[in-house]
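What follows is upload30.json (JSON, C-alpha atoms).
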[["chain", "number", "residue", "atom", "x", "y", "z"],
["A", 354, "MET", "CA", 6.74, -30.60, -7.89],
["A", 355, "SER", "CA", 5.65, -28.40, -10.80],
["A", 356, "SER", "CA", 8.12, -27.55, -13.49],
["A", 357, "PRO", "CA", 9.57, -24.03, -13.49],
["A", 358, "THR", "CA", 7.97, -21.48, -15.76],
["A", 359, "ASN", "CA", 10.83, -19.00, -16.19],
["A", 360, "LYS", "CA", 8.25, -16.46, -17.32],
["A", 361, "THR", "CA", 9.04, -12.77, -16.91],
["A", 362, "VAL", "CA", 6.55, -10.57, -15.11],
["A", 363, "SER", "CA", 5.58, -6.93, -14.91],
["A", 364, "LEU", "CA", 4.04, -6.61, -11.45],
["A", 365, "VAL", "CA", 1.52, -3.88, -10.65],
["A", 366, "LEU", "CA", 0.99, -3.34, -6.92],
["A", 367, "GLY", "CA", -2.04, -1.35, -5.87],
["A", 368, "SER", "CA", -2.80, 1.00, -2.99],
["A", 369, "GLY", "CA", -4.78, 0.08, 0.13],
["A", 370, "GLY", "CA", -2.85, 0.59, 3.36],
["A", 371, "ALA", "CA", -2.22, -2.49, 5.49],
["A", 372, "ARG", "CA", -3.94, -4.69, 2.91],
["A", 373, "GLY", "CA", -0.86, -4.03, 0.81],
["A", 374, "LEU", "CA", 1.08, -6.46, 2.99],
["A", 375, "ALA", "CA", -0.65, -9.10, 0.84],
["A", 376, "HIS", "CA", 1.74, -7.98, -1.92],
["A", 377, "ILE", "CA", 4.52, -9.70, 0.00],
["A", 378, "GLY", "CA", 2.72, -13.04, -0.19],
["A", 379, "VAL", "CA", 2.14, -12.62, -3.93],
["A", 380, "ILE", "CA", 5.84, -11.90, -4.49],
["A", 381, "HIS", "CA", 6.84, -14.95, -2.44],
["A", 382, "TRP", "CA", 4.58, -17.17, -4.55],
["A", 383, "LEU", "CA", 5.99, -15.82, -7.79],
["A", 384, "GLU", "CA", 9.58, -16.33, -6.66],
["A", 385, "GLU", "CA", 8.93, -19.84, -5.34],
["A", 386, "HIS", "CA", 7.50, -20.83, -8.72],
["A", 387, "ASP", "CA", 10.35, -19.39, -10.78],
["A", 388, "PHE", "CA", 8.65, -16.33, -12.21],
["A", 389, "LYS", "CA", 11.12, -13.52, -12.80],
["A", 390, "ILE", "CA", 9.86, -10.08, -11.79],
["A", 391, "GLU", "CA", 11.51, -7.61, -14.18],
["A", 392, "SER", "CA", 9.35, -4.56, -13.58],
["A", 393, "ILE", "CA", 7.28, -3.13, -10.73],
["A", 394, "SER", "CA", 4.82, -0.27, -10.80],
["A", 395, "GLY", "CA", 3.41, 0.63, -7.40],
["A", 396, "SER", "CA", 1.01, 3.09, -5.86],
["A", 397, "SER", "CA", 1.03, 3.98, -2.14],
["A", 398, "MET", "CA", 1.58, 0.75, -0.17],
["A", 399, "GLY", "CA", 2.31, -0.94, -3.48],
["A", 400, "SER", "CA", 5.12, 1.52, -4.01],
["A", 401, "LEU", "CA", 6.53, 0.77, -0.57],
["A", 402, "ILE", "CA", 6.46, -3.01, -0.95],
["A", 403, "GLY", "CA", 7.65, -2.85, -4.56],
["A", 404, "GLY", "CA", 10.48, -0.48, -3.75],
["A", 405, "VAL", "CA", 11.72, -2.56, -0.84],
["A", 406, "TYR", "CA", 11.61, -5.69, -3.01],
["A", 407, "ALA", "CA", 13.47, -3.96, -5.83],
["A", 408, "ALA", "CA", 16.12, -2.96, -3.31],
["A", 409, "GLY", "CA", 16.57, -6.62, -2.34],
["A", 410, "LYS", "CA", 15.39, -6.16, 1.24],
["A", 411, "LEU", "CA", 11.91, -7.69, 1.28],
["A", 412, "ASP", "CA", 12.83, -10.43, 3.77],
["A", 413, "GLU", "CA", 14.24, -7.90, 6.22],
["A", 414, "PHE", "CA", 11.17, -5.71, 5.82],
["A", 415, "GLU", "CA", 8.85, -8.67, 6.35],
["A", 416, "GLN", "CA", 10.56, -9.61, 9.60],
["A", 417, "TRP", "CA", 10.37, -5.99, 10.75],
["A", 418, "VAL", "CA", 6.71, -5.44, 9.91],
["A", 419, "CYS", "CA", 5.62, -8.79, 11.39],
["A", 420, "ALA", "CA", 7.27, -7.80, 14.68],
["A", 421, "ILE", "CA", 5.59, -4.38, 14.89],
["A", 422, "THR", "CA", 3.25, -3.90, 17.83],
["A", 423, "LYS", "CA", 0.60, -1.27, 18.35],
["A", 424, "ILE", "CA", 2.97, 0.56, 20.69],
["A", 425, "ASP", "CA", 5.66, 0.52, 17.99],
["A", 426, "MET", "CA", 3.18, 2.06, 15.56],
["A", 427, "VAL", "CA", 2.50, 4.90, 17.97],
["A", 428, "SER", "CA", 6.22, 5.55, 18.46],
["A", 429, "LEU", "CA", 6.69, 5.83, 14.67],
["A", 430, "MET", "CA", 3.98, 8.45, 14.29],
["A", 431, "ASP", "CA", 5.61, 11.86, 14.53],
["A", 432, "LEU", "CA", 2.62, 14.15, 14.84],
["A", 433, "ALA", "CA", 2.75, 17.18, 12.59],
["A", 434, "TRP", "CA", -0.16, 19.06, 14.21],
["A", 435, "SER", "CA", -0.68, 20.97, 11.00],
["A", 436, "LYS", "CA", -3.71, 21.52, 8.82],
["A", 437, "ASN", "CA", -2.27, 19.63, 5.85],
["A", 438, "GLY", "CA", -1.71, 16.33, 7.62],
["A", 439, "LEU", "CA", -1.53, 14.54, 10.94],
["A", 440, "ILE", "CA", 1.76, 12.66, 10.54],
["A", 441, "LYS", "CA", 5.04, 14.02, 9.16],
["A", 442, "GLY", "CA", 6.26, 10.53, 8.26],
["A", 443, "ASP", "CA", 9.94, 11.22, 8.97],
["A", 444, "LYS", "CA", 10.24, 8.53, 11.65],
["A", 445, "ILE", "CA", 8.68, 5.84, 9.48],
["A", 446, "ILE", "CA", 10.81, 6.67, 6.46],
["A", 447, "ASN", "CA", 14.01, 6.99, 8.51],
["A", 448, "SER", "CA", 13.33, 3.58, 10.07],
["A", 449, "LEU", "CA", 12.94, 2.09, 6.61],
["A", 450, "VAL", "CA", 16.10, 3.78, 5.34],
["A", 451, "ASP", "CA", 17.99, 2.29, 8.30],
["A", 452, "LEU", "CA", 16.57, -1.13, 7.43],
["A", 453, "VAL", "CA", 16.95, -1.04, 3.65],
["A", 454, "GLY", "CA", 19.59, 1.61, 3.02],
["A", 455, "GLU", "CA", 19.14, 4.64, 0.81],
["A", 456, "GLN", "CA", 19.27, 3.79, -2.87],
["A", 457, "LEU", "CA", 18.66, 5.50, -6.19],
["A", 458, "ILE", "CA", 15.84, 4.17, -8.32],
["A", 459, "GLU", "CA", 18.00, 4.19, -11.45],
["A", 460, "ASP", "CA", 20.52, 1.88, -9.71],
["A", 461, "LEU", "CA", 17.94, -0.80, -8.81],
["A", 462, "PRO", "CA", 18.28, -4.17, -10.56],
["A", 463, "LEU", "CA", 14.77, -3.98, -12.04],
["A", 464, "ARG", "CA", 12.53, -1.26, -13.47],
["A", 465, "PHE", "CA", 10.62, 0.51, -10.74],
["A", 466, "THR", "CA", 7.97, 3.21, -10.93],
["A", 467, "SER", "CA", 6.47, 4.88, -7.89],
["A", 468, "VAL", "CA", 3.19, 6.65, -8.62],
["A", 469, "ALA", "CA", 2.14, 9.78, -6.71],
["A", 470, "SER", "CA", -0.51, 12.45, -7.30],
["A", 471, "ASP", "CA", -0.04, 16.11, -8.15],
["A", 472, "ILE", "CA", -3.44, 17.21, -6.92],
["A", 473, "VAL", "CA", -3.00, 20.89, -7.89],
["A", 474, "ASN", "CA", -2.51, 20.00, -11.56],
["A", 475, "GLU", "CA", -4.81, 16.98, -11.32],
["A", 476, "LYS", "CA", -2.34, 14.47, -12.74],
["A", 477, "GLU", "CA", -0.47, 11.40, -11.64],
["A", 478, "VAL", "CA", 3.31, 11.58, -11.41],
["A", 479, "TRP", "CA", 5.58, 8.67, -12.29],
["A", 480, "ILE", "CA", 8.79, 8.74, -10.27],
["A", 481, "GLN", "CA", 11.44, 6.63, -11.99],
["A", 482, "SER", "CA", 14.66, 8.23, -10.78],
["A", 483, "GLY", "CA", 16.11, 9.84, -7.69],
["A", 484, "LYS", "CA", 16.08, 8.68, -4.07],
["A", 485, "LEU", "CA", 13.98, 5.57, -3.59],
["A", 486, "PHE", "CA", 12.49, 6.62, -0.28],
["A", 487, "ASP", "CA", 11.65, 10.11, -1.49],
["A", 488, "ALA", "CA", 9.56, 8.42, -4.17],
["A", 489, "ILE", "CA", 7.96, 6.08, -1.64],
["A", 490, "ARG", "CA", 7.25, 8.89, 0.84],
["A", 491, "ALA", "CA", 5.46, 10.87, -1.87],
["A", 492, "SER", "CA", 3.42, 7.88, -2.97],
["A", 493, "ILE", "CA", 2.18, 7.00, 0.55],
["A", 494, "SER", "CA", 1.07, 10.53, 1.49],
["A", 495, "LEU", "CA", -2.52, 9.65, 2.32],
["A", 496, "PRO", "CA", -4.52, 12.92, 2.58],
["A", 497, "LEU", "CA", -5.29, 14.15, 6.12],
["A", 498, "PHE", "CA", -3.02, 11.44, 7.55],
["A", 499, "PHE", "CA", 0.43, 12.16, 6.07],
["A", 500, "THR", "CA", 1.60, 15.62, 5.15],
["A", 501, "PRO", "CA", 2.31, 16.09, 1.40],
["A", 502, "PHE", "CA", 5.87, 15.53, 0.19],
["A", 503, "ASN", "CA", 7.62, 17.99, -2.08],
["A", 504, "ILE", "CA", 9.74, 16.76, -5.01],
["A", 505, "ASN", "CA", 11.19, 19.25, -7.48],
["A", 506, "GLY", "CA", 8.95, 22.00, -6.18],
["A", 507, "VAL", "CA", 5.73, 19.99, -6.49],
["A", 508, "ASP", "CA", 3.68, 18.91, -3.48],
["A", 509, "LEU", "CA", 2.74, 15.26, -3.99],
["A", 510, "ILE", "CA", 0.18, 13.10, -2.23],
["A", 511, "ASP", "CA", -0.91, 9.46, -2.25],
["A", 512, "GLY", "CA", -0.74, 7.82, -5.67],
["A", 513, "GLY", "CA", -3.98, 5.98, -4.99],
["A", 514, "ILE", "CA", -5.93, 9.22, -5.27],
["A", 515, "LEU", "CA", -5.65, 9.21, -9.06],
["A", 516, "ASN", "CA", -4.37, 5.72, -9.88],
["A", 517, "PRO", "CA", -4.86, 2.93, -7.30],
["A", 518, "VAL", "CA", -3.67, 0.23, -9.74],
["A", 519, "PRO", "CA", -0.95, 1.85, -11.94],
["A", 520, "ILE", "CA", -0.81, -0.37, -15.01],
["A", 521, "ALA", "CA", 0.20, 2.28, -17.55],
["A", 522, "PRO", "CA", 3.90, 2.48, -16.49],
["A", 523, "THR", "CA", 4.30, -1.16, -17.57],
["A", 524, "PHE", "CA", 3.02, -0.67, -21.14],
["A", 525, "GLY", "CA", 6.51, -0.52, -22.61],
["A", 526, "ASP", "CA", 7.76, -3.62, -20.80],
["A", 527, "ASN", "CA", 8.91, -6.58, -22.84],
["A", 528, "THR", "CA", 7.72, -9.24, -20.38],
["A", 529, "ASP", "CA", 5.63, -12.38, -20.73],
["A", 530, "LEU", "CA", 2.91, -11.39, -18.26],
["A", 531, "THR", "CA", 1.47, -8.34, -16.54],
["A", 532, "ILE", "CA", 0.00, -9.25, -13.17],
["A", 533, "ALA", "CA", -1.92, -6.64, -11.17],
["A", 534, "VAL", "CA", -2.82, -6.85, -7.49],
["A", 535, "ASN", "CA", -5.91, -4.75, -6.76],
["A", 536, "LEU", "CA", -6.47, -4.06, -3.06],
["A", 537, "GLY", "CA", -9.91, -2.60, -3.73],
["A", 538, "GLY", "CA", -11.59, -5.81, -4.77],
["A", 539, "PRO", "CA", -15.24, -6.70, -4.07],
["A", 540, "PRO", "CA", -15.92, -6.90, -0.33],
["A", 541, "LYS", "CA", -16.02, -10.24, 1.40],
["A", 542, "ILE", "CA", -19.67, -10.75, 2.29],
["A", 543, "LYS", "CA", -19.33, -13.21, 5.14],
["A", 544, "LYS", "CA", -17.56, -11.42, 7.96],
["A", 545, "THR", "CA", -16.01, -12.90, 11.06],
["A", 546, "LYS", "CA", -14.30, -11.41, 14.07],
["A", 547, "GLU", "CA", -11.02, -11.55, 12.15],
["A", 548, "ILE", "CA", -12.50, -9.66, 9.19],
["A", 549, "ALA", "CA", -13.72, -6.28, 10.37],
["A", 550, "PRO", "CA", -13.87, -2.77, 8.97],
["A", 551, "THR", "CA", -11.38, -0.16, 10.07],
["A", 552, "SER", "CA", -12.08, 0.74, 13.64],
["A", 553, "PRO", "CA", -10.47, 3.00, 16.22],
["A", 554, "SER", "CA", -10.21, -0.04, 18.49],
["A", 555, "PHE", "CA", -6.86, -0.75, 16.77],
["A", 556, "LEU", "CA", -5.48, 2.53, 18.04],
["A", 557, "SER", "CA", -3.99, 2.84, 21.47],
["A", 558, "GLU", "CA", -5.77, 5.10, 23.94],
["A", 559, "GLU", "CA", -2.85, 7.55, 23.73],
["A", 560, "LEU", "CA", -3.00, 7.85, 19.94],
["A", 561, "HIS", "CA", -6.79, 7.96, 19.98],
["A", 562, "ASP", "CA", -6.62, 10.96, 22.32],
["A", 563, "LYS", "CA", -4.02, 12.71, 20.14],
["A", 564, "ILE", "CA", -6.06, 12.22, 16.99],
["A", 565, "SER", "CA", -9.22, 13.35, 18.78],
["A", 566, "ASN", "CA", -7.47, 16.53, 19.89],
["A", 567, "PHE", "CA", -6.19, 17.09, 16.34],
["A", 568, "ILE", "CA", -9.67, 16.74, 14.89],
["A", 569, "SER", "CA", -11.16, 18.99, 17.55],
["A", 570, "SER", "CA", -8.93, 21.84, 16.36],
["A", 571, "PHE", "CA", -11.13, 21.91, 13.26],
["A", 572, "GLN", "CA", -14.49, 20.98, 14.79],
["A", 573, "GLU", "CA", -15.28, 22.39, 18.18],
["A", 574, "THR", "CA", -18.25, 20.19, 19.03],
["A", 575, "LEU", "CA", -16.80, 16.71, 18.47],
["A", 576, "THR", "CA", -17.04, 14.17, 21.26],
["A", 577, "PRO", "CA", -14.17, 11.62, 21.53],
["A", 578, "ASN", "CA", -16.21, 8.41, 21.36],
["A", 579, "SER", "CA", -19.01, 9.20, 18.93],
["A", 580, "HIS", "CA", -19.09, 11.97, 16.33],
["A", 581, "ASP", "CA", -15.34, 12.12, 15.73],
["A", 582, "TRP", "CA", -14.99, 8.43, 14.95],
["A", 583, "SER", "CA", -18.20, 8.27, 12.93],
["A", 584, "ALA", "CA", -16.75, 11.08, 10.82],
["A", 585, "TYR", "CA", -13.50, 9.11, 10.54],
["A", 586, "ASP", "CA", -15.36, 6.01, 9.40],
["A", 587, "VAL", "CA", -17.38, 7.93, 6.83],
["A", 588, "THR", "CA", -14.23, 9.55, 5.44],
["A", 589, "ASN", "CA", -12.44, 6.20, 5.28],
["A", 590, "GLN", "CA", -15.36, 4.46, 3.58],
["A", 591, "ALA", "CA", -15.67, 7.31, 1.07],
["A", 592, "PHE", "CA", -11.97, 7.07, 0.23],
["A", 593, "GLU", "CA", -12.18, 3.29, -0.15],
["A", 594, "ALA", "CA", -15.23, 3.60, -2.43],
["A", 595, "MET", "CA", -13.47, 6.21, -4.56],
["A", 596, "GLN", "CA", -10.35, 4.09, -4.95],
["A", 597, "SER", "CA", -12.34, 0.98, -5.76],
["A", 598, "THR", "CA", -14.31, 2.80, -8.46],
["A", 599, "ILE", "CA", -11.18, 4.26, -10.07],
["A", 600, "ALA", "CA", -9.46, 0.87, -9.91],
["A", 601, "ARG", "CA", -12.33, -0.82, -11.74],
["A", 602, "GLN", "CA", -12.20, 1.83, -14.45],
["A", 603, "LYS", "CA", -8.43, 1.51, -14.88],
["A", 604, "LEU", "CA", -8.59, -2.29, -15.02],
["A", 605, "ALA", "CA", -11.44, -2.20, -17.54],
["A", 606, "ALA", "CA", -9.65, 0.31, -19.77],
["A", 607, "TYR", "CA", -6.21, -1.32, -19.55],
["A", 608, "PRO", "CA", -6.70, -4.94, -18.49],
["A", 609, "PRO", "CA", -3.57, -6.78, -17.34],
["A", 610, "ASP", "CA", -3.09, -10.43, -18.20],
["A", 611, "ILE", "CA", -4.14, -11.48, -14.69],
["A", 612, "THR", "CA", -5.66, -9.55, -11.79],
["A", 613, "ILE", "CA", -5.57, -10.67, -8.18],
["A", 614, "GLU", "CA", -8.48, -9.07, -6.31],
["A", 615, "VAL", "CA", -8.01, -8.53, -2.56],
["A", 616, "PRO", "CA", -11.35, -7.76, -0.84],
["A", 617, "ARG", "CA", -11.35, -4.15, 0.31],
["A", 618, "ASN", "CA", -12.96, -5.03, 3.66],
["A", 619, "ILE", "CA", -10.54, -7.82, 4.54],
["A", 620, "CYS", "CA", -8.34, -5.56, 6.67],
["A", 621, "GLY", "CA", -8.41, -2.01, 8.01],
["A", 622, "ILE", "CA", -6.20, 0.52, 6.31],
["A", 623, "ILE", "CA", -3.91, 0.91, 9.35],
["A", 624, "GLU", "CA", -4.13, -2.60, 10.83],
["A", 625, "PHE", "CA", -0.44, -3.33, 10.35],
["A", 626, "ASN", "CA", -0.53, -5.58, 13.41],
["A", 627, "ARG", "CA", -2.14, -8.16, 11.08],
["A", 628, "ALA", "CA", 0.93, -8.41, 8.86],
["A", 629, "SER", "CA", 1.42, -12.19, 9.02],
["A", 630, "GLU", "CA", -2.25, -12.77, 8.23],
["A", 631, "MET", "CA", -2.19, -10.46, 5.21],
["A", 632, "ILE", "CA", 1.03, -11.95, 3.83],
["A", 633, "GLU", "CA", -0.47, -15.45, 4.06],
["A", 634, "LEU", "CA", -3.64, -14.20, 2.38],
["A", 635, "GLY", "CA", -1.62, -12.77, -0.52],
["A", 636, "TYR", "CA", 0.20, -16.07, -0.98],
["A", 637, "ASP", "CA", -3.04, -18.05, -0.95],
["A", 638, "MET", "CA", -4.73, -15.70, -3.43],
["A", 639, "ALA", "CA", -1.74, -15.93, -5.75],
["A", 640, "GLN", "CA", -1.95, -19.71, -5.55],
["A", 641, "LYS", "CA", -5.62, -19.63, -6.53],
["A", 642, "ARG", "CA", -5.22, -17.16, -9.40],
["A", 643, "LEU", "CA", -1.86, -18.21, -10.81],
["A", 644, "SER", "CA", -1.51, -21.96, -10.27],
["A", 645, "HIS", "CA", -2.88, -22.69, -13.75],
["A", 646, "LEU", "CA", 0.22, -21.02, -15.17],
["A", 647, "ILE", "CA", 2.37, -23.72, -13.60],
["A", 648, "LYS", "CA", 0.12, -26.51, -14.86],
["A", 649, "ASP", "CA", 0.42, -25.08, -18.35],
["A", 650, "ALA", "CA", 4.21, -24.71, -18.14]]
Represent the supplied structure as structure tokens.
Amino acid sequence: MSSPTNKTVSLVLGSGGARGLAHIGVIHWLEEHDFKIESISGSSMGSLIGGVYAAGKLDEFEQWVCAITKIDMVSLMDLAWSKNGLIKGDKIINSLVDLVGEQLIEDLPLRFTSVASDIVNEKEVWIQSGKLFDAIRASISLPLFFTPFNINGVDLIDGGILNPVPIAPTFGDNTDLTIAVNLGGPPKIKKTKEIAPTSPSFLSEELHDKISNFISSFQETLTPNSHDWSAYDVTNQAFEAMQSTIARQKLAAYPPDITIEVPRNICGIIEFNRASEMIELGYDMAQKRLSHLIKDA
């Protein structure tokens, strides 16, 4: 067995929907090999996973998310039926609060930054105090899907819009390593049945109908099985391309010590039913990218 490293880590967890479950596998690898995570900066799903870990409830969250079924996902989606978002998000956040417990960021045992976007003023917002799940809810507010979340009079949306891999909040950390997990990595070229782009086939017929009706309130001529979902796919691909481009720019301008690149086409943005697979993937990728640190220890 390899000797322990006892190295301290600033961990940067990127945005990318269900792919972010790979963050759990990365964290498991780091803990198993005696790295001490002293700081986490997270955007969107990275904020959620990082916040739950900082609160000491990652194991409970992992058991919960691995048990989620497609029907469970539908039950957690409280439709807003408004023009600024499809899902209110209250049910999801309340379920997480019940699981983890409400905590204040300033009381967490490690430094935690949740990154959201103030789109009106075109700037990212670092949330480093206040209610943990308010910060998470703001950071995961994916446009058109979740409604924006207001903190201190400012409407905030998904942190990945302006900073998919938020390295800057870790600049003042006095740690041995900064490790970033980018969920917008180069696509995996060889695809199999298990590796497919986001598709409405994941959605139940009931939710598909609800979303189709929601979209039709804006576009009168959409048909449920063709134009609406092609528009959905185009929007999703455009968002993924935008995030990937911004992530590359951020990583080039402020390179961390090590970057773990998760292929952006490895999992659909809402395929949370693939939790176990994504967690295992994150662990395996951490093993490939970080094992040399143990050999050098």
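Nearest residue to Ala488 in chain A, choosing from A:Ile611, A:Ala371, A:Ile510, A:Val473 and counting all atoms listed in the file: A:Ile510.
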* Do you know which residues are at most 10 Å from Ser368 in chain A counting only C-alpha atoms, after dropping those on the same chain fewer than 3 positions away, and could you put them as a list in words? ->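 My reading of the contact set: Ala371, Arg372, Gly373, Gly395, Ser396, Ser397, Met398, Gly399, Ser400, Leu401, Val468, Ser492, Ile493, Asp511, Gly512, Gly513, Ile514, Asn516, Pro517, Val518, Pro519, Val534, Asn535, Leu536, Gly537, Gln596, Ser597, Ala600 and Ile622 of chain A.
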* Rounded to one decimal place, report the CA of Glu385 in chain A-CA of Cys419 in chain A distance in Å. =>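 If I compute the distance from CA of Glu385 in chain A to CA of Cys419 in chain A, I get 20.3 Å.
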* Excluding same-chain residues fewer than 2 positions from Phe502 in chain A, what lies within 10 Å of it counting only C-alpha atoms, as a list in words? ->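 Skipping anything fewer than 2 positions along the chain leaves Lys441, Gly442, Ala469, Asp487, Ala488, Ile489, Arg490, Ala491, Ser492, Ile493, Ser494, Phe499, Thr500, Ile504, Gly506, Val507, Asp508, Leu509, Ile510 and Asp511 of chain A.
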* Asked: If I put a ball of radius 12 Å at (-2.2, -13.7, 10.7) in the file's coordinates, which residues poke into it when counting all atoms listed in the file, written as a list in words?
  -> Leu374, Ala375, Gly378, Cys419, Ala420, Glu547, Ile548, Ile619, Cys620, Glu624, Phe625, Asn626, Arg627, Ala628, Ser629, Glu630, Met631, Ile632, Glu633, Leu634 and Gly635 of chain A
* Out of A:Leu643, A:Ile480, A:Val365, A:Leu485, which residue has the shortest atom-to-atom distance to Gly404 in chain A when counting all atoms listed in the file? -> A:Leu485
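If you look at CA of Ile613 in chain A and CA of Ser392 in chain A, they are 17.0 Å away from each other.
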* Asked: Suppose you want the space between CA of Asp460 in chain A and CA of Thr612 in chain A; what is it in Å?
  ->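 If I compute the distance from CA of Asp460 in chain A to CA of Thr612 in chain A, I get 28.6 Å.
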* Which is closer to Leu515 in chain A than all the others in A:Thr466, A:Gln456, A:Thr598, A:Thr528, using all atoms listed in the file? ->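 Of A:Thr466, A:Gln456, A:Thr598, A:Thr528, the one nearest Leu515 in chain A is A:Thr598, counting all atoms listed in the file.
Counting only C-alpha atoms, Asn359 in chain A has the following residues at most 7 Å away, ignoring those fewer than 2 positions along the same chain: Pro357, Thr361, Asp387, Phe388 and Lys389 of chain A.
Nearest residue to Ile458 in chain A, choosing from A:Arg601, A:Arg642, A:Lys484, A:Lys648 and counting all atoms listed in the file: A:Lys484.
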* To do: Compare A:Pro462, A:Leu457, A:His386, A:Ile445 by their minimum atom-to-atom distance to Gly409 in chain A, counting only C-alpha atoms, and give me the closest one.
  =>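 The closest residue to Gly409 in chain A is A:Pro462.
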* For Tyr636 in chain A, the nearest of the candidates A:Ser448, A:Val615, A:Ala594, A:Asp610, counting all atoms listed in the file -> A:Val615
